[in-house]
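Novice: Input start.pdb, format and content: PDB, C-alpha atoms, pLDDT in the B column.
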```
ATOM      1  CA  MET R  24     -34.291   2.888 -86.324  1.00 60.00           C
ATOM      2  CA  ALA R  25     -31.674   0.534 -87.754  1.00 75.00           C
ATOM      3  CA  ILE R  26     -30.725  -1.190 -84.472  1.00 81.00           C
ATOM      4  CA  THR R  27     -32.656  -3.724 -82.412  1.00 87.00           C
ATOM      5  CA  LEU R  28     -31.124  -4.584 -79.042  1.00 83.00           C
ATOM      6  CA  VAL R  29     -31.736  -8.055 -77.581  1.00 87.00           C
ATOM      7  CA  ASN R  30     -30.641 -10.432 -74.834  1.00 83.00           C
ATOM      8  CA  PRO R  31     -30.718 -13.889 -76.438  1.00 86.00           C
ATOM      9  CA  GLU R  32     -31.784 -16.817 -74.301  1.00 88.00           C
ATOM     10  CA  GLY R  33     -28.787 -18.440 -72.676  1.00 88.00           C
ATOM     11  CA  LEU R  34     -26.908 -15.158 -72.072  1.00 84.00           C
ATOM     12  CA  PRO R  35     -27.180 -13.294 -68.771  1.00 81.00           C
ATOM     13  CA  GLU R  36     -29.243 -10.146 -68.456  1.00 81.00           C
ATOM     14  CA  VAL R  37     -27.082  -7.373 -67.024  1.00 76.00           C
ATOM     15  CA  GLY R  38     -29.213  -4.432 -65.933  1.00 72.00           C
ATOM     16  CA  PRO R  39     -30.325  -2.237 -68.824  1.00 68.00           C
ATOM     17  CA  TYR R  40     -27.366  -3.385 -70.953  1.00 74.00           C
ATOM     18  CA  ARG R  41     -28.089  -5.585 -74.016  1.00 80.00           C
ATOM     19  CA  GLN R  42     -25.834  -8.400 -75.212  1.00 82.00           C
ATOM     20  CA  VAL R  43     -26.580  -8.200 -78.963  1.00 87.00           C
ATOM     21  CA  ALA R  44     -27.407  -5.501 -81.512  1.00 84.00           C
ATOM     22  CA  ILE R  45     -29.118  -6.433 -84.777  1.00 87.00           C
ATOM     23  CA  ALA R  46     -28.356  -3.872 -87.489  1.00 84.00           C
ATOM     24  CA  ILE R  47     -30.515  -3.434 -90.587  1.00 86.00           C
ATOM     25  CA  GLY R  48     -29.336  -0.064 -91.890  1.00 76.00           C
ATOM     26  CA  SER R  49     -27.154   0.609 -94.893  1.00 85.00           C
ATOM     27  CA  LYS R  50     -24.470   2.989 -93.579  1.00 91.00           C
ATOM     28  CA  LEU R  51     -21.892   2.248 -90.912  1.00 91.00           C
ATOM     29  CA  VAL R  52     -20.742   5.151 -88.761  1.00 93.00           C
ATOM     30  CA  PHE R  53     -17.473   4.802 -86.848  1.00 94.00           C
ATOM     31  CA  ILE R  54     -16.933   7.435 -84.176  1.00 95.00           C
ATOM     32  CA  ALA R  55     -13.393   7.970 -82.964  1.00 95.00           C
ATOM     33  CA  GLY R  56     -12.726   7.627 -79.269  1.00 96.00           C
ATOM     34  CA  GLN R  57     -14.246  10.605 -77.484  1.00 97.00           C
ATOM     35  CA  VAL R  58     -12.566  11.969 -74.382  1.00 97.00           C
ATOM     36  CA  ALA R  59     -13.639  14.577 -71.826  1.00 98.00           C
ATOM     37  CA  TRP R  60     -12.994  17.607 -74.017  1.00 97.00           C
ATOM     38  CA  ASP R  61     -15.491  20.399 -74.436  1.00 96.00           C
ATOM     39  CA  ALA R  62     -16.037  22.062 -77.824  1.00 94.00           C
ATOM     40  CA  ASP R  63     -12.943  24.226 -77.269  1.00 95.00           C
ATOM     41  CA  GLY R  64     -10.672  21.265 -76.483  1.00 95.00           C
ATOM     42  CA  ALA R  65     -10.500  21.920 -72.727  1.00 96.00           C
ATOM     43  CA  THR R  66     -10.627  18.900 -70.416  1.00 97.00           C
ATOM     44  CA  VAL R  67     -13.869  18.657 -68.424  1.00 97.00           C
ATOM     45  CA  GLY R  68     -13.967  17.115 -64.946  1.00 97.00           C
ATOM     46  CA  GLU R  69     -10.276  16.767 -64.201  1.00 97.00           C
ATOM     47  CA  GLY R  70      -9.924  13.919 -61.688  1.00 97.00           C
ATOM     48  CA  ASP R  71     -13.696  13.206 -61.739  1.00 98.00           C
ATOM     49  CA  LEU R  72     -14.541   9.900 -63.463  1.00 98.00           C
ATOM     50  CA  ALA R  73     -18.314  10.481 -63.471  1.00 98.00           C
ATOM     51  CA  ALA R  74     -17.950  13.951 -65.040  1.00 98.00           C
ATOM     52  CA  GLN R  75     -15.572  12.623 -67.681  1.00 98.00           C
ATOM     53  CA  VAL R  76     -17.831   9.678 -68.538  1.00 98.00           C
ATOM     54  CA  GLU R  77     -20.742  12.098 -68.895  1.00 97.00           C
ATOM     55  CA  ARG R  78     -18.725  14.350 -71.234  1.00 98.00           C
ATOM     56  CA  CYS R  79     -17.571  11.383 -73.359  1.00 97.00           C
ATOM     57  CA  TYR R  80     -21.149  10.186 -73.851  1.00 96.00           C
ATOM     58  CA  LEU R  81     -22.319  13.728 -74.619  1.00 96.00           C
ATOM     59  CA  ASN R  82     -19.541  14.015 -77.207  1.00 96.00           C
ATOM     60  CA  ILE R  83     -20.669  10.722 -78.767  1.00 96.00           C
ATOM     61  CA  GLY R  84     -24.195  12.179 -78.855  1.00 95.00           C
ATOM     62  CA  THR R  85     -22.896  15.303 -80.605  1.00 95.00           C
ATOM     63  CA  ALA R  86     -21.005  13.217 -83.159  1.00 96.00           C
ATOM     64  CA  LEU R  87     -24.091  11.089 -83.805  1.00 94.00           C
ATOM     65  CA  ALA R  88     -26.297  14.160 -84.238  1.00 93.00           C
ATOM     66  CA  GLY R  89     -23.775  15.522 -86.719  1.00 95.00           C
ATOM     67  CA  VAL R  90     -24.522  12.601 -89.062  1.00 93.00           C
ATOM     68  CA  GLY R  91     -28.268  12.470 -88.407  1.00 93.00           C
ATOM     69  CA  ALA R  92     -28.134   9.667 -85.836  1.00 92.00           C
ATOM     70  CA  THR R  93     -28.864   9.123 -82.130  1.00 92.00           C
ATOM     71  CA  PHE R  94     -27.849   6.592 -79.494  1.00 90.00           C
ATOM     72  CA  ASP R  95     -30.723   4.455 -80.814  1.00 89.00           C
ATOM     73  CA  ASP R  96     -28.526   3.843 -83.878  1.00 91.00           C
ATOM     74  CA  VAL R  97     -25.469   2.689 -81.906  1.00 92.00           C
ATOM     75  CA  ALA R  98     -24.612  -0.971 -82.407  1.00 91.00           C
ATOM     76  CA  LYS R  99     -21.505  -1.104 -80.184  1.00 94.00           C
ATOM     77  CA  LEU R 100     -19.643   0.997 -77.623  1.00 95.00           C
ATOM     78  CA  THR R 101     -16.074   0.449 -76.481  1.00 97.00           C
ATOM     79  CA  VAL R 102     -14.995   2.177 -73.273  1.00 98.00           C
ATOM     80  CA  TYR R 103     -11.411   2.534 -72.083  1.00 98.00           C
ATOM     81  CA  VAL R 104     -10.917   3.475 -68.417  1.00 98.00           C
ATOM     82  CA  VAL R 105      -7.560   4.340 -66.881  1.00 98.00           C
ATOM     83  CA  ASP R 106      -6.602   2.120 -63.925  1.00 98.00           C
ATOM     84  CA  TRP R 107      -9.981   0.377 -63.935  1.00 98.00           C
ATOM     85  CA  THR R 108     -11.099  -1.500 -60.836  1.00 97.00           C
ATOM     86  CA  PRO R 109     -14.637  -2.760 -60.155  1.00 96.00           C
ATOM     87  CA  ASP R 110     -15.080  -0.277 -57.300  1.00 97.00           C
ATOM     88  CA  LYS R 111     -15.162   2.473 -59.967  1.00 98.00           C
ATOM     89  CA  MET R 112     -18.391   1.074 -61.469  1.00 95.00           C
ATOM     90  CA  PRO R 113     -20.734   3.337 -59.422  1.00 96.00           C
ATOM     91  CA  LEU R 114     -18.906   6.438 -60.713  1.00 97.00           C
ATOM     92  CA  PHE R 115     -18.996   5.090 -64.262  1.00 96.00           C
ATOM     93  CA  LEU R 116     -22.727   4.406 -64.026  1.00 94.00           C
ATOM     94  CA  GLU R 117     -23.337   7.828 -62.476  1.00 96.00           C
ATOM     95  CA  GLY R 118     -21.681   9.453 -65.490  1.00 97.00           C
ATOM     96  CA  VAL R 119     -23.744   7.351 -67.906  1.00 95.00           C
ATOM     97  CA  ALA R 120     -26.944   8.227 -66.015  1.00 93.00           C
ATOM     98  CA  ARG R 121     -26.145  11.955 -66.065  1.00 96.00           C
ATOM     99  CA  ALA R 122     -25.459  11.809 -69.802  1.00 95.00           C
ATOM    100  CA  ALA R 123     -28.656   9.805 -70.372  1.00 93.00           C
ATOM    101  CA  ALA R 124     -30.684  12.442 -68.535  1.00 94.00           C
ATOM    102  CA  ARG R 125     -29.243  15.168 -70.763  1.00 94.00           C
ATOM    103  CA  LEU R 126     -29.561  13.085 -73.957  1.00 92.00           C
ATOM    104  CA  GLY R 127     -33.141  12.022 -73.230  1.00 87.00           C
ATOM    105  CA  GLY R 128     -32.556   8.264 -73.210  1.00 81.00           C
ATOM    106  CA  THR R 129     -30.365   5.536 -71.811  1.00 74.00           C
ATOM    107  CA  PRO R 130     -27.535   4.306 -74.073  1.00 69.00           C
ATOM    108  CA  VAL R 131     -27.618   0.507 -73.618  1.00 76.00           C
ATOM    109  CA  PRO R 132     -26.060  -1.041 -76.740  1.00 87.00           C
ATOM    110  CA  PRO R 133     -23.608  -3.922 -76.465  1.00 90.00           C
ATOM    111  CA  GLY R 134     -20.346  -2.647 -75.108  1.00 92.00           C
ATOM    112  CA  THR R 135     -16.933  -3.554 -73.849  1.00 94.00           C
ATOM    113  CA  LEU R 136     -15.184  -1.847 -70.950  1.00 96.00           C
ATOM    114  CA  ILE R 137     -11.390  -2.185 -71.014  1.00 98.00           C
ATOM    115  CA  GLY R 138      -9.007  -1.097 -68.275  1.00 98.00           C
ATOM    116  CA  VAL R 139      -5.918   0.662 -69.637  1.00 98.00           C
ATOM    117  CA  ALA R 140      -2.742   2.079 -68.114  1.00 98.00           C
ATOM    118  CA  ALA R 141      -3.090   5.528 -69.685  1.00 98.00           C
ATOM    119  CA  LEU R 142      -4.733   7.542 -72.451  1.00 97.00           C
ATOM    120  CA  ASP R 143      -3.365  10.210 -74.803  1.00 92.00           C
ATOM    121  CA  VAL R 144      -3.582  13.050 -72.271  1.00 95.00           C
ATOM    122  CA  PRO R 145      -2.685  12.411 -68.605  1.00 95.00           C
ATOM    123  CA  ASP R 146      -5.838  14.206 -67.351  1.00 97.00           C
ATOM    124  CA  HIS R 147      -8.148  11.892 -69.330  1.00 98.00           C
ATOM    125  CA  LEU R 148      -9.629   9.053 -67.288  1.00 98.00           C
ATOM    126  CA  VAL R 149     -11.946   7.563 -69.927  1.00 98.00           C
ATOM    127  CA  GLU R 150     -12.401   7.315 -73.695  1.00 98.00           C
ATOM    128  CA  VAL R 151     -15.503   6.046 -75.503  1.00 98.00           C
ATOM    129  CA  GLU R 152     -15.806   5.010 -79.141  1.00 97.00           C
ATOM    130  CA  ALA R 153     -18.966   3.995 -80.983  1.00 96.00           C
ATOM    131  CA  THR R 154     -20.141   2.193 -84.067  1.00 94.00           C
ATOM    132  CA  ALA R 155     -23.599   3.071 -85.383  1.00 93.00           C
ATOM    133  CA  VAL R 156     -25.745   1.931 -88.292  1.00 92.00           C
ATOM    134  CA  ILE R 157     -28.061   4.329 -90.090  1.00 91.00           C
ATOM    135  CA  ASP R 158     -30.290   4.129 -93.156  1.00 85.00           C
TER     136      ASP R 158
END
```
Could you render the structure as C-alpha cells?

Specialist:
Amino acid sequence: MAITLVNPEGLPEVGPYRQVAIAIGSKLVFIAGQVAWDADGATVGEGDLAAQVERCYLNIGTALAGVGATFDDVAKLTVYVVDWTPDKMPLFLEGVARAAARLGGTPVPPGTLIGVAALDVPDHLVEVEATAVID
C-alpha cells in the first residue's frame, strides 16, 4: 500500500476521516469526476443524494480496480454537491457507508467537500474525483 493516512497532532480528529495522506508510491492516478451513472450511462438514484453518493464511490472503486488499485491507494478525494447545506450530511454519509459496505472498506482519505450551483447534467446531485498513488 502506497498511502498512509494520519491525523497529525494539532489538527482535529473528524470521525473516521484523516487529515493527511503520506504517499510513497511511484505512479499518480488521477480519476475524473465520477457522477451517478451506471455502466450504460444511465443516471442512478434521480433525486436521491445517498444513492448518487453511493454510485459515485462505486464508480471510483471501478476506476481504481481498472488500474490495479483500491481505495487504500487514494490520497485525496474531492466531492462536489449541488446546493450543499449541512443538513444534507446524514444523506451523504449514508451513501458513503452503503458504498463502503459494497466495497469492503471505508474510504477515509483526506477530502474536500464543495457546494456547487449545478453539475453537467441537471439530474446529478454529486460528483467525486480522486487522486491515488500506486507502486

Novice: What residues have an atom no more than 6 Å from (-11.2, -0.7, -68.8) in the file's own frame, counting all atoms listed in the file, and can you write them as a list in words?

Specialist: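 The requested residues, written out, are Tyr103, Val104, Trp107, Leu136, Ile137, Gly138 and Val139 of chain R.
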
Novice: Counting all atoms listed in the file, which residues in stretch 28-82 of chain R sit no more than 10 Å from stretch 86-89 of chain R? For each one, give the nearest pair of atoms and the distance in Å, sorted by chain then residue number, as a Markdown table.

Specialist:
```
| residue | atom | partner | partner_atom | distance |
| --- | --- | --- | --- | --- |
| R:Val52 | CA | R:Leu87 | CA | 8.4 |
| R:Phe53 | CA | R:Leu87 | CA | 9.6 |
| R:Ile54 | CA | R:Ala86 | CA | 7.1 |
| R:Ala55 | CA | R:Ala86 | CA | 9.2 |
| R:Gln57 | CA | R:Ala86 | CA | 9.2 |
| R:Tyr80 | CA | R:Ala86 | CA | 9.8 |
| R:Leu81 | CA | R:Ala86 | CA | 8.7 |
| R:Asn82 | CA | R:Ala86 | CA | 6.2 |
```

Novice: Counting all atoms listed in the file, what is within 12 Å of R:Gly56, bar same-chain residues fewer than 2 positions away, as a list in words?

Specialist: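 So, after excluding close chain neighbours, the residues are Phe53, Ile54, Val58, Ala59, Trp60, Cys79, Tyr80, Asn82, Ile83, Ala86, Leu100, Thr101, Val102, Tyr103, Val104, Leu142, Asp143, His147, Val149, Glu150, Val151, Glu152, Ala153 and Thr154 of chain R.
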
Novice: Take the residues just selected and output them with C-alpha atoms as a JSON list (two decimals), in the coordinates of the input.

Specialist:
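Ended up saving to result.json:
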```json
[["chain", "number", "residue", "atom", "x", "y", "z"],
["R", 53, "PHE", "CA", -17.47, 4.80, -86.85],
["R", 54, "ILE", "CA", -16.93, 7.44, -84.18],
["R", 58, "VAL", "CA", -12.57, 11.97, -74.38],
["R", 59, "ALA", "CA", -13.64, 14.58, -71.83],
["R", 60, "TRP", "CA", -12.99, 17.61, -74.02],
["R", 79, "CYS", "CA", -17.57, 11.38, -73.36],
["R", 80, "TYR", "CA", -21.15, 10.19, -73.85],
["R", 82, "ASN", "CA", -19.54, 14.02, -77.21],
["R", 83, "ILE", "CA", -20.67, 10.72, -78.77],
["R", 86, "ALA", "CA", -21.00, 13.22, -83.16],
["R", 100, "LEU", "CA", -19.64, 1.00, -77.62],
["R", 101, "THR", "CA", -16.07, 0.45, -76.48],
["R", 102, "VAL", "CA", -15.00, 2.18, -73.27],
["R", 103, "TYR", "CA", -11.41, 2.53, -72.08],
["R", 104, "VAL", "CA", -10.92, 3.48, -68.42],
["R", 142, "LEU", "CA", -4.73, 7.54, -72.45],
["R", 143, "ASP", "CA", -3.36, 10.21, -74.80],
["R", 147, "HIS", "CA", -8.15, 11.89, -69.33],
["R", 149, "VAL", "CA", -11.95, 7.56, -69.93],
["R", 150, "GLU", "CA", -12.40, 7.32, -73.69],
["R", 151, "VAL", "CA", -15.50, 6.05, -75.50],
["R", 152, "GLU", "CA", -15.81, 5.01, -79.14],
["R", 153, "ALA", "CA", -18.97, 4.00, -80.98],
["R", 154, "THR", "CA", -20.14, 2.19, -84.07]]
```

Novice: Record the distance separating atom CA of R:Gly48 and atom CA of R:Gly91, expressed in Å with one decimal.

Specialist: 13.1 Å

Novice: How many Å lie between atom CA of R:Ala98 and atom CA of R:Val156, rounded to one decimal?

Specialist: 6.7 Å

Novice: Would you write out, as a PDB file with C-alpha atoms, in the frame of the given file, every residue that the PyMOL selection byres ((chain R and resi 30) around 9) captures in this file?

Specialist:
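Resulting contents of selection.pdb:
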```pdb
ATOM      1  CA  LEU R  28     -31.124  -4.584 -79.042  1.00 83.00           C
ATOM      2  CA  VAL R  29     -31.736  -8.055 -77.581  1.00 87.00           C
ATOM      3  CA  PRO R  31     -30.718 -13.889 -76.438  1.00 86.00           C
ATOM      4  CA  GLU R  32     -31.784 -16.817 -74.301  1.00 88.00           C
ATOM      5  CA  GLY R  33     -28.787 -18.440 -72.676  1.00 88.00           C
ATOM      6  CA  LEU R  34     -26.908 -15.158 -72.072  1.00 84.00           C
ATOM      7  CA  PRO R  35     -27.180 -13.294 -68.771  1.00 81.00           C
ATOM      8  CA  GLU R  36     -29.243 -10.146 -68.456  1.00 81.00           C
ATOM      9  CA  TYR R  40     -27.366  -3.385 -70.953  1.00 74.00           C
ATOM     10  CA  ARG R  41     -28.089  -5.585 -74.016  1.00 80.00           C
ATOM     11  CA  GLN R  42     -25.834  -8.400 -75.212  1.00 82.00           C
ATOM     12  CA  VAL R  43     -26.580  -8.200 -78.963  1.00 87.00           C
ATOM     13  CA  ALA R  44     -27.407  -5.501 -81.512  1.00 84.00           C
TER      14      ALA R  44
END
```

Novice: What is the distance between atom CA of R:Lys99 and atom CA of R:Ala25, in Å to one decimal?

Specialist: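 Between these atoms lies a distance of 12.8 Å.
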
Novice: For R:Gly38, which residue out of R:Val131, R:Val90, R:Val67, R:Ala120 is the nearest one, using all atoms listed in the file?

Specialist: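 For R:Gly38, the nearest of the candidates is R:Val131.
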
Novice: Nearest residue to R:Ser49 out of R:Asp61, R:Ile26, R:Asp71, R:Val119, using only C-alpha atoms?

Specialist: R:Ile26

Novice: Which one is closest to R:Gly118: R:Ala141, R:Ala65, R:Glu77, R:Ile47? Count only C-alpha atoms.

Specialist: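 Comparing R:Ala141, R:Ala65, R:Glu77, R:Ile47 against R:Gly118, the winner is R:Glu77.
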